[in-house]
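Before any comments, here is the structure.
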Amino acid sequence: MKNKIAKRQRLNIFTLYKQTFREWLKNFNSYTKIVLVVAIPVAILTVLQADGNTGDFGLTMAFAWSFTSIALILLASNGKTPLKEKISTLYSAAGGRFLQYIGVSLVLILMATPGLAGWLGIVSALGGSGTSALYLIIAGLAGIIISIYLLVRFNIAQVITVAESKSVMQSLKSSFKLSKRHFWGMLAGYAFILLGVFLLANGVQLLLSIRQSINENIYINNLVYVVEATIFLPIIYIYQLKLLRALNGEG
């Protein structure tokens, strides 16, 4: 019955935004602590790498951020008062869904490949001329469109595999099924979020560029990085969970 309701109703993305920000502000401290557990060490390692005092921890950082993402989803989905939920408990629970989350993430990366290749093709074609350049632009646009479609239809699989404890294939199938007839609403929802991220991130960089000495200061840049991660990561995953519940007809 819930799925039938979800199919008939249109997504109200502005209601989802309100629910997302209400949840984030209500439990701001808990979400912030989860992100800072990883964001601060990553910022420190970045500074040390710039000074040549340590090696490359790229893969380790990627895994650490994956644990953070899973912990954020668990916190947003457990329905408990976050202040009573220990951060260590959430990170321990995240280990149980790590492989599934990574599996879904790798599939999504593969889905993004045509779009990335298409974008690079368009950039290279803009410097040329003739029929070959035109074909390259058309092929590039096709690749971008394919990636956008696939990512919108399958993106909530990350939340499904964590919140509903489903396998990689089950999560992908559920995402594709739930997103049926809701593509444009989901696309608009993600587009507005990405636009907000882009405007805020570039607004901060614009302010920093007023003083070039500040803009080139690695400590200031990493502080900005920590603040942006603290704001954007919880909002993105809370929104995805609210979206999943709406698609399930849970309101």
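Just so we're on the same page: first chain in the structure tokens is A, next is B, and so on; residues restart at 1 for each chain, and ligands are numbered from 1 in the order they show up.
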Closest-contact table, region 137-221 of chain A side, partner region 40-52 of chain A, 10 Å, counting only C-alpha atoms, as a tab-separated table:
```
residue	atom	partner	partner_atom	distance
A:Ile218	CA	A:Val47	CA	6.7
A:Tyr219	CA	A:Val47	CA	7.1
A:Asn221	CA	A:Ala43	CA	9.2
```
Selection file, N, CA and C atoms, as a short mmCIF file (atom, residue, chain, number, x, y, z; two decimals), in the first residue's frame:
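File out24.cif, as written:
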```cif
data_model
loop_
_atom_site.label_atom_id
_atom_site.label_comp_id
_atom_site.auth_asym_id
_atom_site.auth_seq_id
_atom_site.Cartn_x
_atom_site.Cartn_y
_atom_site.Cartn_z
N ILE A 218 47.38 27.47 3.94
CA ILE A 218 46.85 26.11 3.98
C ILE A 218 46.05 25.85 5.23
N TYR A 219 46.37 26.54 6.31
CA TYR A 219 45.64 26.35 7.56
C TYR A 219 44.22 26.91 7.45
N ASN A 221 42.58 27.36 4.61
CA ASN A 221 41.86 26.54 3.64
C ASN A 221 41.36 25.24 4.25
#
```
Hey, what's within 7 Å of Lys242 (chain A) if we count only C-alpha atoms and toss same-chain stuff fewer than 4 positions away? As a compact mmCIF listing (two decimals) with C-alpha atoms, in the first residue's frame, please?
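The file below, around.txt, is the result:
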```txt
# COMPACT_ATOMS: atom_id res chain seq x y z
CA LEU A 16 11.84 17.45 2.25
CA THR A 20 16.06 17.99 6.48
CA ILE A 238 19.60 13.46 6.02
CA ALA A 246 8.91 9.79 1.07
```
If you take only C-alpha atoms and a cut-off of 7 Å, which residues of region 16-79 of chain A touch region 162-178 of chain A, and what are their nearest atom pairs and distances in Å to one decimal, in chain and number order, as JSON lines?
```
{"residue": "A:Ile70", "atom": "CA", "partner": "A:Val162", "partner_atom": "CA", "distance": 6.6}
{"residue": "A:Ile73", "atom": "CA", "partner": "A:Ala163", "partner_atom": "CA", "distance": 6.7}
{"residue": "A:Leu74", "atom": "CA", "partner": "A:Ala163", "partner_atom": "CA", "distance": 6.3}
{"residue": "A:Ser77", "atom": "CA", "partner": "A:Ala163", "partner_atom": "CA", "distance": 6.2}
```
Those residues with C-alpha atoms, as a short mmCIF file (atom, residue, chain, number, x, y, z; two decimals), in the first residue's frame please?
```cif
data_model
loop_
_atom_site.label_atom_id
_atom_site.label_comp_id
_atom_site.auth_asym_id
_atom_site.auth_seq_id
_atom_site.Cartn_x
_atom_site.Cartn_y
_atom_site.Cartn_z
CA ILE A 70 27.51 5.38 7.19
CA ILE A 73 22.93 7.62 7.87
CA LEU A 74 22.61 5.38 10.93
CA SER A 77 17.63 6.63 10.53
#
```
Please identify all polymer residues within 12 Å of Ala94 (chain A), counting only C-alpha atoms, omitting same-chain residues fewer than 6 positions from it, and present them as an mmCIF file with N, CA and C atoms, in the first residue's frame.
```cif
data_model
loop_
_atom_site.group_PDB
_atom_site.id
_atom_site.type_symbol
_atom_site.label_atom_id
_atom_site.label_comp_id
_atom_site.auth_asym_id
_atom_site.auth_seq_id
_atom_site.Cartn_x
_atom_site.Cartn_y
_atom_site.Cartn_z
ATOM 1 N N ILE A 34 30.110 13.692 14.684
ATOM 2 C CA ILE A 34 30.418 12.567 13.792
ATOM 3 C C ILE A 34 31.364 13.002 12.682
ATOM 4 N N PHE A 63 38.311 5.708 3.001
ATOM 5 C CA PHE A 63 37.654 4.743 3.888
ATOM 6 C C PHE A 63 37.094 5.435 5.127
ATOM 7 N N ALA A 64 37.866 6.376 5.679
ATOM 8 C CA ALA A 64 37.422 7.095 6.876
ATOM 9 C C ALA A 64 36.147 7.890 6.594
ATOM 10 N N TRP A 65 36.104 8.550 5.443
ATOM 11 C CA TRP A 65 34.905 9.313 5.087
ATOM 12 C C TRP A 65 33.723 8.384 4.830
ATOM 13 N N SER A 66 33.987 7.167 4.343
ATOM 14 C CA SER A 66 32.906 6.197 4.145
ATOM 15 C C SER A 66 32.291 5.810 5.489
ATOM 16 N N PHE A 67 33.134 5.588 6.493
ATOM 17 C CA PHE A 67 32.629 5.284 7.830
ATOM 18 C C PHE A 67 31.796 6.446 8.366
ATOM 19 N N THR A 68 32.260 7.667 8.111
ATOM 20 C CA THR A 68 31.514 8.840 8.557
ATOM 21 C C THR A 68 30.146 8.910 7.884
ATOM 22 N N SER A 69 30.103 8.664 6.581
ATOM 23 C CA SER A 69 28.838 8.694 5.847
ATOM 24 C C SER A 69 27.868 7.656 6.395
ATOM 25 N N ILE A 70 28.375 6.446 6.655
ATOM 26 C CA ILE A 70 27.514 5.383 7.193
ATOM 27 C C ILE A 70 27.003 5.771 8.579
ATOM 28 N N ALA A 71 27.883 6.328 9.419
ATOM 29 C CA ALA A 71 27.476 6.739 10.765
ATOM 30 C C ALA A 71 26.402 7.823 10.712
ATOM 31 N N LEU A 72 26.518 8.748 9.767
ATOM 32 C CA LEU A 72 25.514 9.802 9.608
ATOM 33 C C LEU A 72 24.162 9.211 9.211
ATOM 34 N N ILE A 73 24.178 8.254 8.296
ATOM 35 C CA ILE A 73 22.930 7.616 7.866
ATOM 36 C C ILE A 73 22.294 6.847 9.018
ATOM 37 N N LEU A 74 23.126 6.139 9.781
ATOM 38 C CA LEU A 74 22.611 5.377 10.926
ATOM 39 C C LEU A 74 21.983 6.303 11.959
ATOM 40 N N LEU A 75 22.647 7.419 12.222
ATOM 41 C CA LEU A 75 22.128 8.369 13.201
ATOM 42 C C LEU A 75 20.799 8.964 12.736
ATOM 43 N N ILE A 87 28.940 8.205 19.882
ATOM 44 C CA ILE A 87 29.569 8.255 18.565
ATOM 45 C C ILE A 87 30.314 6.955 18.288
ATOM 46 N N SER A 88 30.972 6.416 19.310
ATOM 47 C CA SER A 88 31.723 5.174 19.140
ATOM 48 C C SER A 88 30.800 4.023 18.747
ATOM 49 N N GLN A 100 29.083 -3.286 2.074
ATOM 50 C CA GLN A 100 27.921 -3.034 1.216
ATOM 51 C C GLN A 100 27.915 -1.596 0.723
ATOM 52 N N TYR A 101 28.238 -0.669 1.625
ATOM 53 C CA TYR A 101 28.275 0.749 1.243
ATOM 54 C C TYR A 101 29.340 0.995 0.179
ATOM 55 N N ILE A 102 30.516 0.407 0.369
ATOM 56 C CA ILE A 102 31.596 0.558 -0.615
ATOM 57 C C ILE A 102 31.193 -0.054 -1.947
ATOM 58 N N THR A 161 21.152 0.583 1.543
ATOM 59 C CA THR A 161 22.000 -0.517 2.008
ATOM 60 C C THR A 161 22.385 -0.350 3.478
ATOM 61 N N VAL A 162 22.415 0.891 3.965
ATOM 62 C CA VAL A 162 22.746 1.146 5.372
ATOM 63 C C VAL A 162 21.495 1.120 6.242
ATOM 64 N N ALA A 163 20.491 1.909 5.870
ATOM 65 C CA ALA A 163 19.300 2.061 6.709
ATOM 66 C C ALA A 163 18.425 0.816 6.739
ATOM 67 N N SER A 165 19.647 -2.338 5.723
ATOM 68 C CA SER A 165 20.513 -3.526 5.815
ATOM 69 C C SER A 165 20.318 -4.478 4.635
#
```
Excluding Leu243 (chain A) and residues on its chain fewer than 4 positions from it, collect all residues at most 12 Å away from it, counting only C-alpha atoms, and give them as a PyMOL selection string.
chain A and resi 6+10-20+77+152+155-157+159-160+175+178-179+182+185-187+189-190+235-239+247-251
Using C-alpha atoms, can you export the residues from the last selection as a compact mmCIF listing (two decimals), in the first residue's frame?
```txt
# COMPACT_ATOMS: atom_id res chain seq x y z
CA ALA A 6 4.36 6.85 -3.09
CA ARG A 10 4.41 13.87 -6.34
CA LEU A 11 7.56 14.57 -4.42
CA ASN A 12 7.43 17.84 -2.54
CA ILE A 13 11.11 18.64 -2.42
CA PHE A 14 10.60 21.83 -0.42
CA THR A 15 8.88 19.83 2.32
CA LEU A 16 11.84 17.45 2.25
CA TYR A 17 14.20 20.42 2.57
CA LYS A 18 12.30 21.73 5.60
CA GLN A 19 12.35 18.31 7.23
CA THR A 20 16.06 17.99 6.48
CA SER A 77 17.63 6.63 10.53
CA VAL A 152 19.46 9.92 -10.00
CA ASN A 155 21.74 7.24 -5.82
CA ILE A 156 19.57 6.39 -2.80
CA ALA A 157 20.97 2.83 -2.90
CA VAL A 159 21.10 5.01 2.07
CA ILE A 160 19.06 1.84 1.47
CA SER A 175 16.49 2.40 -5.62
CA LEU A 178 11.34 3.49 -5.88
CA SER A 179 12.63 6.22 -8.19
CA HIS A 182 9.93 10.39 -9.64
CA GLY A 185 11.42 15.51 -8.80
CA MET A 186 14.53 13.74 -7.56
CA LEU A 187 16.69 15.49 -10.15
CA GLY A 189 15.94 18.04 -5.40
CA TYR A 190 19.56 17.07 -5.98
CA ILE A 235 22.47 17.71 5.17
CA ILE A 236 23.07 15.53 2.11
CA TYR A 237 22.54 12.24 3.94
CA ILE A 238 19.60 13.46 6.02
CA TYR A 239 17.95 14.64 2.80
CA LEU A 247 9.37 7.32 -1.78
CA ASN A 248 8.33 4.52 0.57
CA GLY A 249 5.17 6.45 1.36
CA GLU A 250 6.18 7.02 5.00
CA GLY A 251 5.69 10.78 4.85
```
CA of Trp184 (chain A) to CA of Phe21 (chain A) measures 21.9 Å
